[in-house]
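Everything below concerns the one structure shown next.
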Amino acid sequence: MTTPYVRTLSLKDFTYGNTEQRAAFADAFATGLKETGFIILEGHGVNPDLIDKNYEMWQKFFSLDTETKIKCESVLGGARGYTGFGKEHAKNRTVGDLKEFFHVGQELPVGHPLSDDYPANVWPEELPELRKNAISFYRELERVARNMLEALALNMDLRPNFFSDMIKDGNSILRAIHYPPLDDSMDPNAIRAAEHEDINLITLLVESTASGLQLLTREGEWIDVKAEKGQIIVDAGDMLSRISNEVIPATTHRVVNPQGENTSRYSMPFFVHPYSDCLLETIPSCISEDNPEKHPAITAGDFLYQRLVEIGLIKK
């Protein structure tokens with residue numbers, strides 16, 4: 001079973017649609033998250049040339065020698081900049097994933113109230129064009145994320161900006177990932193990304209350069225999911241699951257090792273995070289006699305810290 005299991009939606013139905021079309025999109029999005037945790041999005045308006053340019057830039061970065069790359073590896077917990085091969089592992093695993101990656105975070109003007117909450121981005125001197133292209137891409141994905149969260153608020157009968165206010169100047173992360181070809185030096189028990197759930201509210205994933213992404217269905221079956229050119233995969237993370245009292249579950253997924261040609265794989269997920277002091281409280285309408293409140297309130301920053309310890313990026 002492959003991608004047809006996952007709903008495909010057009011964001012234009014929400015951004016340009018009438019009242020009925022907007023409501024239908026919101027319903028289909030929420031239903032897709034509840035059914036499979038994933039939807040495939042078209043009509044999002046992100047320029048394909050911008051996606052291509054970012055892939056070009058990141059492939060150049062990951063082709064640099066290790067000594068050059070680790071100059072961008074100074075931020076605690078990999079919050080910004082480069083994280084070397086095998087350093088991150090899935091929760092409840094000790095074997096590192098077969099990947100290296102680079103984080104680009106929020107850039108705020110000097111004097112902004114939240115500017116001291118986030119570490120500064122780190123940029124490789126060898127690729128002066130990278131910053132402009134990465135930040136432009138970040139802003140476009142931030143726009144799409146706001147649209148998706150506004151649709152979710154509409155479906156849940158919340159005020160329109162209920163979710164999108166959480167991510168205004170938030171701690172969202174663009175992660176550029178390189179999964180190198182497999183070789184004999186790699187741990188035979190490791191895979192490119194072991195099964196996990198994302199930490200954040202939602203994740204946006206433009207088309208990757210190769211297949212390998214799989215989701216775990218509610219029936220316990222692994223199925224392939226792939227965004228074709230011009231599509232974005234959207235999935236639900238732990239923070240959204242938490243505040244919805246698990247009405248919207250976070251979906252387990254993984255990236256498996258190549259089954260055919262043994263080549264590099266690149267991907268660029270955008271992890272949509274609230275600002276650090278945002279309180280993750282259960283939405284009252286998601287609490288019922290049959291579904292009592294499951295989680296105490298916690299700030300997004302504290303929740304993120306806990307999870308970064310669990311996946312090995314912060315050492316206690």
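By order of appearance in the structure tokens: chains A, B, ..., then residues from 1 within every chain, and ligands from 1 in the order shown.
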
Inset, instruction - Name the residues in contact with Gly105 of chain A at a cut-off of 7 Å, using only C-alpha atoms, excluding same-chain residues fewer than 6 positions from it; report them as a PyMOL selection string. - result: chain A and resi 80+121+171-174

Limited to N, CA and C atoms, could you put the picked residues into a file as a PDB file, in the first residue's frame?
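Result file follows (part_6.pdb):
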ATOM      1  N   ARG A  80      20.712  25.171  16.472  1.00  0.00           N
ATOM      2  CA  ARG A  80      21.030  25.873  15.231  1.00  0.00           C
ATOM      3  C   ARG A  80      22.308  25.272  14.667  1.00  0.00           C
ATOM      4  N   ASN A 121      21.268  32.076  14.426  1.00  0.00           N
ATOM      5  CA  ASN A 121      21.597  31.125  13.373  1.00  0.00           C
ATOM      6  C   ASN A 121      23.096  31.144  13.094  1.00  0.00           C
ATOM      7  N   ASN A 171       9.455  29.242  17.557  1.00  0.00           N
ATOM      8  CA  ASN A 171      10.748  28.566  17.500  1.00  0.00           C
ATOM      9  C   ASN A 171      10.782  27.477  16.423  1.00  0.00           C
ATOM     10  N   SER A 172      10.137  27.745  15.303  1.00  0.00           N
ATOM     11  CA  SER A 172      10.108  26.765  14.212  1.00  0.00           C
ATOM     12  C   SER A 172      11.505  26.544  13.641  1.00  0.00           C
ATOM     13  N   ILE A 173      11.704  25.357  13.101  1.00  0.00           N
ATOM     14  CA  ILE A 173      13.025  24.934  12.627  1.00  0.00           C
ATOM     15  C   ILE A 173      12.929  24.382  11.208  1.00  0.00           C
ATOM     16  N   LEU A 174      13.770  24.897  10.329  1.00  0.00           N
ATOM     17  CA  LEU A 174      14.001  24.267   9.029  1.00  0.00           C
ATOM     18  C   LEU A 174      15.208  23.358   9.184  1.00  0.00           C
TER      19      LEU A 174
END

With only C-alpha atoms counted and 12 Å as the cut-off, give the residues of segment 166-247 of chain A in contact with segment 258-274 of chain A, each with its shortest interatomic distance in Å and the pair that gives it, as CSV.
residue,atom,partner,partner_atom,distance
A:Met166,CA,A:Pro274,CA,4.7
A:Ile167,CA,A:Pro274,CA,4.3
A:Lys168,CA,A:Pro274,CA,7.4
A:Asp169,CA,A:Pro274,CA,8.0
A:Gly170,CA,A:Pro274,CA,4.7
A:Asn171,CA,A:His273,CA,5.1
A:Ser172,CA,A:His273,CA,4.4
A:Ile173,CA,A:Phe271,CA,5.1
A:Leu174,CA,A:Phe270,CA,4.5
A:Arg175,CA,A:Met268,CA,5.5
A:Ala176,CA,A:Met268,CA,4.6
A:Ile177,CA,A:Ser267,CA,5.3
A:His178,CA,A:Tyr266,CA,4.8
A:Tyr179,CA,A:Arg265,CA,5.0
A:Pro180,CA,A:Ser264,CA,4.4
A:Pro181,CA,A:Thr263,CA,4.7
A:Leu182,CA,A:Asn262,CA,6.6
A:Asp183,CA,A:Asn262,CA,9.1
A:Ile191,CA,A:Pro258,CA,9.4
A:Arg192,CA,A:Pro258,CA,8.8
A:Ala193,CA,A:Arg265,CA,11.6
A:Glu197,CA,A:Phe271,CA,11.7
A:Asp198,CA,A:Phe271,CA,8.0
A:Ile199,CA,A:Phe271,CA,8.2
A:Asn200,CA,A:His273,CA,5.2
A:Leu201,CA,A:Val272,CA,5.8
A:Ile202,CA,A:Val272,CA,5.5
A:Thr203,CA,A:Phe271,CA,4.7
A:Leu204,CA,A:Phe270,CA,5.0
A:Leu205,CA,A:Pro269,CA,4.4
A:Val206,CA,A:Met268,CA,6.6
A:Glu207,CA,A:Ser267,CA,7.3
A:Ser208,CA,A:Ser267,CA,4.6
A:Thr209,CA,A:Tyr266,CA,5.4
A:Ala210,CA,A:Arg265,CA,5.5
A:Ser211,CA,A:Arg265,CA,7.9
A:Gly212,CA,A:Pro258,CA,6.7
A:Leu213,CA,A:Ser267,CA,10.2
A:Lys226,CA,A:Ser267,CA,11.3
A:Ala227,CA,A:Ser267,CA,10.8
A:Ile232,CA,A:Pro269,CA,9.5
A:Ile233,CA,A:Pro269,CA,9.1
A:Val234,CA,A:Phe270,CA,9.6
A:Asp235,CA,A:Phe271,CA,9.8
A:Ala236,CA,A:Val272,CA,9.9
A:Gly237,CA,A:Phe271,CA,8.9
A:Asp238,CA,A:His273,CA,10.7
A:Met239,CA,A:His273,CA,8.4
A:Leu240,CA,A:His273,CA,9.9

Inset, instruction - State, in Å with one decimal place, the distance from atom CA of His196 of chain A to atom CA of Gln214 of chain A. - result: 10.8 Å

Inset, instruction - Would you list the contacts of Lys91 of chain A as JSON, numbers by chain, taking every protein, DNA or RNA residue within 12 Å and counting only C-alpha atoms, but skipping same-chain residues closer than 3 positions in sequence? - result: {"A": [88, 94, 95, 96, 97, 193, 194, 195, 196, 197, 198, 199, 252, 306, 307, 308, 309, 310, 311, 312, 313]}

Inset, instruction - Quote the spacing between atom CA of Ser10 of chain A and atom CA of Ser164 of chain A in Å to one decimal place. - result: 19.3 Å

Legend entry - All strand (DSSP E) positions in segment 185-309 of chain A, as number ranges by chain: A: 193-196, 202-206, 213-216, 222-224, 232-236, 253-255, 265-267, 269-272, 279-280, 298-299

Using N, CA and C atoms, can you export the residues from the last selection as a CSV table (one decimal), in the first residue's frame?
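Done, and the output landed in part-v2.csv:
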chain,number,residue,atom,x,y,z
A,193,ALA,N,16.4,7.0,9.7
A,193,ALA,CA,15.7,7.6,10.8
A,193,ALA,C,14.8,6.6,11.4
A,194,ALA,N,15.1,6.2,12.6
A,194,ALA,CA,14.3,5.2,13.3
A,194,ALA,C,12.9,5.7,13.6
A,195,GLU,N,12.0,4.8,13.9
A,195,GLU,CA,10.6,5.2,14.1
A,195,GLU,C,10.5,6.2,15.2
A,196,HIS,N,9.7,7.2,15.0
A,196,HIS,CA,9.5,8.3,16.0
A,196,HIS,C,8.3,9.1,15.7
A,202,ILE,N,2.9,20.8,13.9
A,202,ILE,CA,2.8,20.1,12.7
A,202,ILE,C,4.2,20.2,12.0
A,203,THR,N,4.4,19.3,11.0
A,203,THR,CA,5.6,19.3,10.2
A,203,THR,C,5.2,19.5,8.7
A,204,LEU,N,6.0,20.3,8.0
A,204,LEU,CA,5.8,20.4,6.5
A,204,LEU,C,7.0,19.8,5.9
A,205,LEU,N,6.8,19.0,4.9
A,205,LEU,CA,7.9,18.3,4.2
A,205,LEU,C,7.7,18.4,2.7
A,206,VAL,N,8.5,19.2,2.1
A,206,VAL,CA,8.5,19.3,0.6
A,206,VAL,C,9.1,18.0,0.1
A,213,LEU,N,10.5,7.5,3.1
A,213,LEU,CA,9.6,7.8,4.2
A,213,LEU,C,8.5,6.8,4.3
A,214,GLN,N,8.2,6.4,5.5
A,214,GLN,CA,7.1,5.5,5.8
A,214,GLN,C,6.3,5.9,7.0
A,215,LEU,N,5.0,5.7,7.0
A,215,LEU,CA,4.2,6.0,8.2
A,215,LEU,C,3.6,4.7,8.7
A,216,LEU,N,3.3,4.7,10.0
A,216,LEU,CA,2.7,3.5,10.7
A,216,LEU,C,1.2,3.8,10.8
A,222,TRP,N,3.2,-0.6,8.1
A,222,TRP,CA,4.1,0.5,7.6
A,222,TRP,C,3.8,0.7,6.1
A,223,ILE,N,3.5,1.9,5.7
A,223,ILE,CA,3.3,2.2,4.3
A,223,ILE,C,4.2,3.3,3.8
A,224,ASP,N,4.5,3.3,2.5
A,224,ASP,CA,5.4,4.3,1.9
A,224,ASP,C,4.5,5.6,1.7
A,232,ILE,N,3.6,19.0,-0.6
A,232,ILE,CA,4.1,19.0,0.7
A,232,ILE,C,3.4,18.0,1.6
A,233,ILE,N,4.1,17.2,2.3
A,233,ILE,CA,3.5,16.3,3.3
A,233,ILE,C,3.3,17.1,4.6
A,234,VAL,N,2.2,17.0,5.2
A,234,VAL,CA,1.9,17.6,6.4
A,234,VAL,C,1.5,16.6,7.5
A,235,ASP,N,2.2,16.6,8.6
A,235,ASP,CA,1.9,15.6,9.6
A,235,ASP,C,1.8,16.2,11.0
A,236,ALA,N,1.1,15.5,11.9
A,236,ALA,CA,0.8,16.0,13.2
A,236,ALA,C,1.9,15.5,14.2
A,253,HIS,N,6.5,7.6,12.3
A,253,HIS,CA,7.0,7.4,11.0
A,253,HIS,C,8.5,7.2,11.0
A,254,ARG,N,9.1,6.8,9.9
A,254,ARG,CA,10.6,6.5,9.9
A,254,ARG,C,11.1,6.7,8.4
A,255,VAL,N,12.4,6.7,8.3
A,255,VAL,CA,13.0,6.7,7.0
A,255,VAL,C,13.8,5.5,6.9
A,265,ARG,N,20.3,10.6,0.2
A,265,ARG,CA,19.0,11.2,0.2
A,265,ARG,C,19.0,12.5,0.9
A,266,TYR,N,18.4,13.5,0.4
A,266,TYR,CA,18.3,14.8,1.0
A,266,TYR,C,16.8,15.1,1.3
A,267,SER,N,16.5,15.8,2.4
A,267,SER,CA,15.1,16.2,2.7
A,267,SER,C,15.2,17.5,3.5
A,269,PRO,N,12.6,19.0,6.1
A,269,PRO,CA,11.4,19.2,6.9
A,269,PRO,C,11.4,20.5,7.6
A,270,PHE,N,10.2,21.1,7.8
A,270,PHE,CA,10.0,22.3,8.5
A,270,PHE,C,9.2,22.0,9.8
A,271,PHE,N,9.8,22.1,10.9
A,271,PHE,CA,9.1,21.7,12.2
A,271,PHE,C,8.5,22.9,12.8
A,272,VAL,N,7.2,22.9,12.9
A,272,VAL,CA,6.4,24.1,13.3
A,272,VAL,C,6.3,24.1,14.8
A,279,LEU,N,2.1,28.2,26.6
A,279,LEU,CA,1.7,27.2,27.5
A,279,LEU,C,0.9,26.2,26.7
A,280,LEU,N,1.3,24.9,26.7
A,280,LEU,CA,0.6,23.9,26.0
A,280,LEU,C,-0.5,23.3,27.0
A,298,ILE,N,2.3,22.4,30.2
A,298,ILE,CA,3.8,22.6,30.2
A,298,ILE,C,4.1,23.6,29.1
A,299,THR,N,5.1,24.4,29.3
A,299,THR,CA,5.5,25.3,28.2
A,299,THR,C,6.1,24.6,27.1
